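Novice: Shown below is the structure under consideration.
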Amino acid sequence: MIIHLKKNIKEEEAKKIAKLTESIIFKKNNFFILITPSKLKIPPVEFKNMIADFFPMENDMQLSSKKYSKKTREINFNNISIGGNSSNTLLITGPCSVESIDQISKSAEFIKELNLTTLRAGCYKPRTSPYSFQGLGLEGLKMLSEIRKKHNLNIISEVRDASHVDEVIEHVDIIQIGAKAMYDHGILRKCGKQNKPVLLKRGFGSNLKEFVQAAEFILSGGNENVMLCERGIRTFETYTRFTLDLCGVSYIKEYTNLPIILDTSHAMGYSYGVPDLTRACVAMGIDGLLIESHPNPKAAKSDASQQLDFKEFKKMFNSLKPIAKAIGKNII
């Protein structure tokens, strides 16, 4: 249950109620919000005069539920927005990893050429093998900050673990929590205590409830700026890297108030299939896309097989425009 306390309720009183109802508490718009376990359906009668409104919930997908807020959340970063009343579809692109200032500069210049707004590149890479490229770390983040200043782009990069979350928060506009970190409570709680937008990727072995409840850790910390990212789940299929769960995307659009971003690069795993998959995603009226591109994918230090070169990306991008227009969307 979500409880809105009256605006005249002081912090000491609010904390007392939170303790007695086993609630998480945060403040919004000059009033306190309590999130109790969903098993509580009616607020305690002794607090009746302190409560402005309450929302019983079927399960612990609460702040993210359209039963709490019917409209998709509007997420703002710098001069653009998605969700809410916006008709924008955010197209995020860039290489899997920052490899050099020359490489990331070429990617930024390409994004500006297409009049897009947002560059994504990893600096701390959660690789499966300890012997593969692990990213440039803080050095890479500083390169991204330099690129932001030069090209006026929004920057998104990934947090691998809680040890460097502060560094990522400092240097980026959007914090990405990767599939392998979806259950890292240190990251989730840290991101909940700040207000920059967070892109939370679905773990490849996680069901929809687990995915959305991971977002609840961030939301219940007080950060309302959460976007979900579907990037494929592990199934019995071996000819693609993962299986993109478009059925799950329909569920998220119908039952949650969180914007949904689709990552077709990681889902497919091979560049040849990314354009077709991306066109299908745009037709669903989603809030954003994450597509990996690289000046020279064959030389990429990570995920070389799935990254589009600039010519391939531009061809795909041009094919998306009429689809977006047909459903009243604008690609930014």
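By convention in this document, the chains of the structure tokens carry letters A, B, ... by their order, each chain's residues are numbered from 1, and ligands are numbered from 1 in the order they are shown.
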For Ala121 (chain A), please output as a list in words all residues within 10 Å (counting only C-alpha atoms; exclusion window: fewer than 6 positions along the same chain).
Specialist: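 In the requested format, the answer is Ile92, Thr93, Gly94, Pro95, Cys96, Ser97, Val98, Glu99, Ile104, Ser107, Gly135, Gly140, Leu141, Leu144, Ile155, Ile156, Ser157, Glu158, Glu292 and Ser293 of chain A.
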Novice: Keeping only C-alpha atoms, take the residues you just selected and write them out as a PDB file, in the first residue's frame.
Specialist:
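Result saved to selection.pdb:
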```pdb
ATOM      1  CA  ILE A  92      20.590   6.222 -27.813  1.00  0.00           C
ATOM      2  CA  THR A  93      23.658   5.069 -29.686  1.00  0.00           C
ATOM      3  CA  GLY A  94      27.409   4.748 -29.396  1.00  0.00           C
ATOM      4  CA  PRO A  95      29.980   1.997 -28.975  1.00  0.00           C
ATOM      5  CA  CYS A  96      29.814  -0.776 -26.417  1.00  0.00           C
ATOM      6  CA  SER A  97      32.963   0.608 -24.766  1.00  0.00           C
ATOM      7  CA  VAL A  98      34.997   3.792 -24.711  1.00  0.00           C
ATOM      8  CA  GLU A  99      38.269   2.674 -26.317  1.00  0.00           C
ATOM      9  CA  ILE A 104      34.460   8.241 -29.031  1.00  0.00           C
ATOM     10  CA  SER A 107      30.889   8.487 -32.525  1.00  0.00           C
ATOM     11  CA  GLY A 135      36.917  -0.814 -19.880  1.00  0.00           C
ATOM     12  CA  GLY A 140      36.825   6.777 -19.997  1.00  0.00           C
ATOM     13  CA  LEU A 141      34.317   8.770 -17.955  1.00  0.00           C
ATOM     14  CA  LEU A 144      32.820  11.266 -22.044  1.00  0.00           C
ATOM     15  CA  ILE A 155      25.816  10.940 -21.835  1.00  0.00           C
ATOM     16  CA  ILE A 156      24.805   7.513 -20.547  1.00  0.00           C
ATOM     17  CA  SER A 157      27.234   4.965 -19.107  1.00  0.00           C
ATOM     18  CA  GLU A 158      27.032   1.836 -16.998  1.00  0.00           C
ATOM     19  CA  GLU A 292      25.265   0.044 -30.469  1.00  0.00           C
ATOM     20  CA  SER A 293      27.320   1.646 -33.233  1.00  0.00           C
TER      21      SER A 293
END
```
Novice: Using 6 Å as the limit and counting only C-alpha atoms, can you tabulate each residue of region 82-188 of chain A that touches region 203-222 of chain A, with its shortest atom-to-atom distance in Å and the two atoms involved, as a Markdown table?
Specialist:
```
| residue | atom | partner | partner_atom | distance |
| --- | --- | --- | --- | --- |
| A:Ala179 | CA | A:Gly203 | CA | 4.1 |
| A:Met182 | CA | A:Gly203 | CA | 6.0 |
| A:Leu188 | CA | A:Ile218 | CA | 5.4 |
```
Novice: Would you mind listing what lies within 7 Å of Lys201 (chain A) as a PyMOL selection string, with only C-alpha atoms counted and same-chain residues fewer than 2 positions away left out?
Specialist: chain A and resi 177-179+182+199+203+228-231
Novice: Would you put the residues from that selection into a file with C-alpha atoms, as a compact mmCIF listing (two decimals), in the first residue's frame?
Specialist:
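Result written to selection.txt:
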```
# COMPACT_ATOMS: atom_id res chain seq x y z
CA ILE A 177 22.38 -0.32 -14.48
CA GLY A 178 23.26 -3.36 -16.57
CA ALA A 179 21.56 -6.73 -16.71
CA MET A 182 20.02 -5.61 -11.72
CA LEU A 199 18.12 3.21 -17.08
CA GLY A 203 18.50 -9.40 -16.06
CA LEU A 228 13.15 0.20 -17.81
CA CYS A 229 15.24 -1.43 -20.55
CA GLU A 230 14.29 -4.73 -22.15
CA ARG A 231 17.44 -6.29 -23.67
```
Novice: Please report as JSON lines every residue of region 60-175 of chain A lying within 12 Å of region 273-283 of chain A, along with the nearest atom pair and their distance in Å (one decimal), using only C-alpha atoms.
Specialist:
```
{"residue": "A:Asn88", "atom": "CA", "partner": "A:Val282", "partner_atom": "CA", "distance": 11.1}
{"residue": "A:Thr89", "atom": "CA", "partner": "A:Val282", "partner_atom": "CA", "distance": 8.2}
{"residue": "A:Leu90", "atom": "CA", "partner": "A:Val282", "partner_atom": "CA", "distance": 10.5}
{"residue": "A:Leu91", "atom": "CA", "partner": "A:Val282", "partner_atom": "CA", "distance": 10.2}
```
Novice: Convert the current residue selection to file output with all heavy atoms, as a PDB file, in the first residue's frame.
Specialist:
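Produced file again_31.pdb, reproduced below:
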```pdb
ATOM      1  N   ASN A  88       8.091  11.750 -28.010  1.00  0.00           N
ATOM      2  CA  ASN A  88       9.463  11.446 -28.388  1.00  0.00           C
ATOM      3  C   ASN A  88       9.817   9.975 -28.190  1.00  0.00           C
ATOM      4  O   ASN A  88       9.392   9.342 -27.218  1.00  0.00           O
ATOM      5  CB  ASN A  88      10.443  12.283 -27.558  1.00  0.00           C
ATOM      6  CG  ASN A  88      10.395  13.752 -27.922  1.00  0.00           C
ATOM      7  OD1 ASN A  88      10.107  14.109 -29.060  1.00  0.00           O
ATOM      8  ND2 ASN A  88      10.678  14.622 -26.959  1.00  0.00           N
ATOM      9  N   THR A  89      10.612   9.463 -29.104  1.00  0.00           N
ATOM     10  CA  THR A  89      11.305   8.187 -28.943  1.00  0.00           C
ATOM     11  C   THR A  89      12.795   8.490 -28.931  1.00  0.00           C
ATOM     12  O   THR A  89      13.343   8.974 -29.928  1.00  0.00           O
ATOM     13  CB  THR A  89      10.973   7.207 -30.084  1.00  0.00           C
ATOM     14  OG1 THR A  89       9.587   6.876 -30.039  1.00  0.00           O
ATOM     15  CG2 THR A  89      11.789   5.922 -29.945  1.00  0.00           C
ATOM     16  N   LEU A  90      13.435   8.247 -27.801  1.00  0.00           N
ATOM     17  CA  LEU A  90      14.852   8.557 -27.634  1.00  0.00           C
ATOM     18  C   LEU A  90      15.701   7.468 -28.275  1.00  0.00           C
ATOM     19  O   LEU A  90      15.574   6.294 -27.929  1.00  0.00           O
ATOM     20  CB  LEU A  90      15.179   8.661 -26.145  1.00  0.00           C
ATOM     21  CG  LEU A  90      16.643   8.933 -25.767  1.00  0.00           C
ATOM     22  CD1 LEU A  90      17.060  10.327 -26.230  1.00  0.00           C
ATOM     23  CD2 LEU A  90      16.830   8.782 -24.260  1.00  0.00           C
ATOM     24  N   LEU A  91      16.546   7.851 -29.222  1.00  0.00           N
ATOM     25  CA  LEU A  91      17.444   6.893 -29.866  1.00  0.00           C
ATOM     26  C   LEU A  91      18.853   7.099 -29.313  1.00  0.00           C
ATOM     27  O   LEU A  91      19.542   8.051 -29.655  1.00  0.00           O
ATOM     28  CB  LEU A  91      17.426   7.068 -31.388  1.00  0.00           C
ATOM     29  CG  LEU A  91      18.341   6.161 -32.220  1.00  0.00           C
ATOM     30  CD1 LEU A  91      18.218   4.700 -31.801  1.00  0.00           C
ATOM     31  CD2 LEU A  91      18.049   6.317 -33.705  1.00  0.00           C
TER      32      LEU A  91
END
```
Novice: Which residues are near Asn330 (chain A)? Cut-off 12 Å, only C-alpha atoms, ignore same chain within fewer than 3 positions. Put them as a list in words.
Specialist: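 Here the answer would be Ile80, Ser81, Ile82, Ser86, Ser87, Asn88, Thr89, Leu90, Leu91, Leu116, Val282, Gly285, Ile286, Asp287, Gly288, Leu320, Lys321, Pro322, Ile323, Ala324, Lys325, Ala326 and Ile327 of chain A.
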Novice: Find, counting only C-alpha atoms, the residue in A:Asn85, A:Asn152, A:Asn78, A:Asn115 that gets nearest to Ile331 (chain A).
Specialist: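 Closest candidate: A:Asn115.
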Novice: Tell me, in Å to one decimal, how far CA of Glu74 (chain A) is from CA of Cys247 (chain A).
Specialist: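 Between CA of Glu74 (chain A) and CA of Cys247 (chain A) the gap is 22.9 Å.
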Novice: Which residue, A:Met1, A:Asn257, A:Asp309, A:Phe32, has the smallest gap to Lys15 (chain A) when you use only C-alpha atoms?
Specialist: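 For Lys15 (chain A), the nearest of the given residues is A:Phe32.
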Novice: Just the residues within 10 Å of region 47-56 of chain A, please, counting only C-alpha atoms, with nothing from its chain fewer than 3 positions along; format it as an mmCIF file with N, CA, C and O atoms, in the first residue's frame.
Specialist:
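Saved file part-v5.cif follows:
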```cif
data_model
loop_
_atom_site.group_PDB
_atom_site.id
_atom_site.type_symbol
_atom_site.label_atom_id
_atom_site.label_comp_id
_atom_site.auth_asym_id
_atom_site.auth_seq_id
_atom_site.Cartn_x
_atom_site.Cartn_y
_atom_site.Cartn_z
ATOM 1 N N MET A 1 0.828 -1.196 0.000
ATOM 2 C CA MET A 1 0.000 0.000 0.000
ATOM 3 C C MET A 1 0.864 1.247 0.000
ATOM 4 O O MET A 1 1.919 1.282 0.641
ATOM 5 N N ILE A 2 0.418 2.247 -0.733
ATOM 6 C CA ILE A 2 1.081 3.547 -0.732
ATOM 7 C C ILE A 2 0.193 4.523 0.029
ATOM 8 O O ILE A 2 -1.012 4.620 -0.247
ATOM 9 N N ILE A 3 0.779 5.223 0.967
ATOM 10 C CA ILE A 3 0.032 6.168 1.804
ATOM 11 C C ILE A 3 0.602 7.568 1.625
ATOM 12 O O ILE A 3 1.807 7.769 1.759
ATOM 13 N N HIS A 4 -0.250 8.516 1.314
ATOM 14 C CA HIS A 4 0.125 9.931 1.294
ATOM 15 C C HIS A 4 -0.316 10.564 2.609
ATOM 16 O O HIS A 4 -1.518 10.571 2.922
ATOM 17 N N LEU A 5 0.627 11.067 3.366
ATOM 18 C CA LEU A 5 0.273 11.759 4.603
ATOM 19 C C LEU A 5 -0.099 13.203 4.309
ATOM 20 O O LEU A 5 0.294 13.778 3.283
ATOM 21 N N LYS A 6 -0.866 13.792 5.193
ATOM 22 C CA LYS A 6 -1.249 15.192 5.033
ATOM 23 C C LYS A 6 -0.017 16.091 5.152
ATOM 24 O O LYS A 6 0.958 15.750 5.816
ATOM 25 N N LYS A 7 -0.072 17.235 4.517
ATOM 26 C CA LYS A 7 1.081 18.129 4.452
ATOM 27 C C LYS A 7 1.484 18.693 5.807
ATOM 28 O O LYS A 7 2.623 19.126 5.988
ATOM 29 N N ASN A 8 0.567 18.682 6.764
ATOM 30 C CA ASN A 8 0.901 19.237 8.079
ATOM 31 C C ASN A 8 1.578 18.221 9.002
ATOM 32 O O ASN A 8 1.945 18.548 10.133
ATOM 33 N N ILE A 9 1.761 16.986 8.517
ATOM 34 C CA ILE A 9 2.388 15.952 9.349
ATOM 35 C C ILE A 9 3.896 16.173 9.386
ATOM 36 O O ILE A 9 4.547 16.241 8.352
ATOM 37 N N GLU A 13 6.504 12.547 13.329
ATOM 38 C CA GLU A 13 5.260 11.775 13.301
ATOM 39 C C GLU A 13 5.251 10.791 12.132
ATOM 40 O O GLU A 13 4.817 9.640 12.284
ATOM 41 N N ALA A 14 5.730 11.264 10.987
ATOM 42 C CA ALA A 14 5.753 10.408 9.798
ATOM 43 C C ALA A 14 6.632 9.183 10.020
ATOM 44 O O ALA A 14 6.272 8.059 9.644
ATOM 45 N N ILE A 17 4.856 6.604 12.194
ATOM 46 C CA ILE A 17 3.881 5.824 11.430
ATOM 47 C C ILE A 17 4.593 4.803 10.548
ATOM 48 O O ILE A 17 4.166 3.649 10.439
ATOM 49 N N PHE A 31 5.084 16.683 1.264
ATOM 50 C CA PHE A 31 4.366 15.718 2.100
ATOM 51 C C PHE A 31 5.114 14.391 2.065
ATOM 52 O O PHE A 31 5.902 14.133 1.164
ATOM 53 N N PHE A 32 4.854 13.568 3.068
ATOM 54 C CA PHE A 32 5.551 12.285 3.183
ATOM 55 C C PHE A 32 4.747 11.173 2.514
ATOM 56 O O PHE A 32 3.510 11.137 2.595
ATOM 57 N N ILE A 33 5.475 10.281 1.858
ATOM 58 C CA ILE A 33 4.877 9.100 1.238
ATOM 59 C C ILE A 33 5.417 7.870 1.953
ATOM 60 O O ILE A 33 6.622 7.739 2.172
ATOM 61 N N LEU A 34 4.532 6.977 2.331
ATOM 62 C CA LEU A 34 4.896 5.707 2.953
ATOM 63 C C LEU A 34 4.557 4.582 1.995
ATOM 64 O O LEU A 34 3.489 4.580 1.380
ATOM 65 N N ILE A 35 5.468 3.627 1.851
ATOM 66 C CA ILE A 35 5.189 2.436 1.056
ATOM 67 C C ILE A 35 5.269 1.243 1.992
ATOM 68 O O ILE A 35 6.337 0.869 2.471
ATOM 69 N N THR A 36 4.132 0.657 2.274
ATOM 70 C CA THR A 36 4.059 -0.487 3.176
ATOM 71 C C THR A 36 4.176 -1.779 2.373
ATOM 72 O O THR A 36 4.033 -1.760 1.142
ATOM 73 N N PRO A 37 4.404 -2.914 3.004
ATOM 74 C CA PRO A 37 4.278 -4.182 2.285
ATOM 75 C C PRO A 37 2.878 -4.290 1.675
ATOM 76 O O PRO A 37 1.896 -3.814 2.264
ATOM 77 N N SER A 38 2.772 -4.880 0.495
ATOM 78 C CA SER A 38 1.499 -4.892 -0.229
ATOM 79 C C SER A 38 0.413 -5.718 0.472
ATOM 80 O O SER A 38 -0.760 -5.581 0.138
ATOM 81 N N LYS A 39 0.804 -6.534 1.444
ATOM 82 C CA LYS A 39 -0.202 -7.317 2.168
ATOM 83 C C LYS A 39 -1.130 -6.427 2.989
ATOM 84 O O LYS A 39 -2.248 -6.822 3.320
ATOM 85 N N LEU A 40 -0.687 -5.209 3.318
ATOM 86 C CA LEU A 40 -1.530 -4.268 4.048
ATOM 87 C C LEU A 40 -2.494 -3.619 3.062
ATOM 88 O O LEU A 40 -2.069 -2.954 2.116
ATOM 89 N N LYS A 41 -3.791 -3.779 3.276
ATOM 90 C CA LYS A 41 -4.794 -3.278 2.340
ATOM 91 C C LYS A 41 -5.564 -2.078 2.895
ATOM 92 O O LYS A 41 -6.144 -1.303 2.128
ATOM 93 N N ILE A 42 -5.599 -1.938 4.224
ATOM 94 C CA ILE A 42 -6.314 -0.826 4.854
ATOM 95 C C ILE A 42 -5.384 -0.173 5.859
ATOM 96 O O ILE A 42 -4.768 -0.865 6.679
ATOM 97 N N PRO A 43 -5.221 1.154 5.830
ATOM 98 C CA PRO A 43 -4.326 1.805 6.790
ATOM 99 C C PRO A 43 -4.862 1.679 8.213
ATOM 100 O O PRO A 43 -6.077 1.617 8.424
ATOM 101 N N PRO A 44 -3.971 1.601 9.199
ATOM 102 C CA PRO A 44 -4.409 1.497 10.590
ATOM 103 C C PRO A 44 -5.340 2.651 10.970
ATOM 104 O O PRO A 44 -5.081 3.811 10.637
ATOM 105 N N ASN A 59 0.429 -6.390 -5.276
ATOM 106 C CA ASN A 59 1.750 -6.951 -5.013
ATOM 107 C C ASN A 59 2.736 -5.813 -4.788
ATOM 108 O O ASN A 59 2.329 -4.649 -4.706
ATOM 109 N N GLN A 62 4.577 -1.353 -6.758
ATOM 110 C CA GLN A 62 3.662 -0.349 -6.230
ATOM 111 C C GLN A 62 3.833 1.045 -6.837
ATOM 112 O O GLN A 62 2.958 1.540 -7.544
ATOM 113 N N LEU A 63 4.956 1.690 -6.581
ATOM 114 C CA LEU A 63 5.184 3.030 -7.117
ATOM 115 C C LEU A 63 5.220 3.018 -8.646
ATOM 116 O O LEU A 63 4.922 4.027 -9.290
ATOM 117 N N LYS A 67 -1.905 1.631 -11.335
ATOM 118 C CA LYS A 67 -2.971 1.803 -10.350
ATOM 119 C C LYS A 67 -2.651 2.953 -9.400
ATOM 120 O O LYS A 67 -3.550 3.517 -8.781
ATOM 121 N N TYR A 68 -1.375 3.283 -9.312
ATOM 122 C CA TYR A 68 -0.955 4.425 -8.493
ATOM 123 C C TYR A 68 -0.905 5.699 -9.326
ATOM 124 O O TYR A 68 -1.397 6.747 -8.915
#
```
Novice: So what do you get for CA of Leu119 (chain A) versus CA of Ile332 (chain A), distance-wise?
Specialist: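 Atom-to-atom, CA of Leu119 (chain A) and CA of Ile332 (chain A) are spaced 11.7 Å apart.
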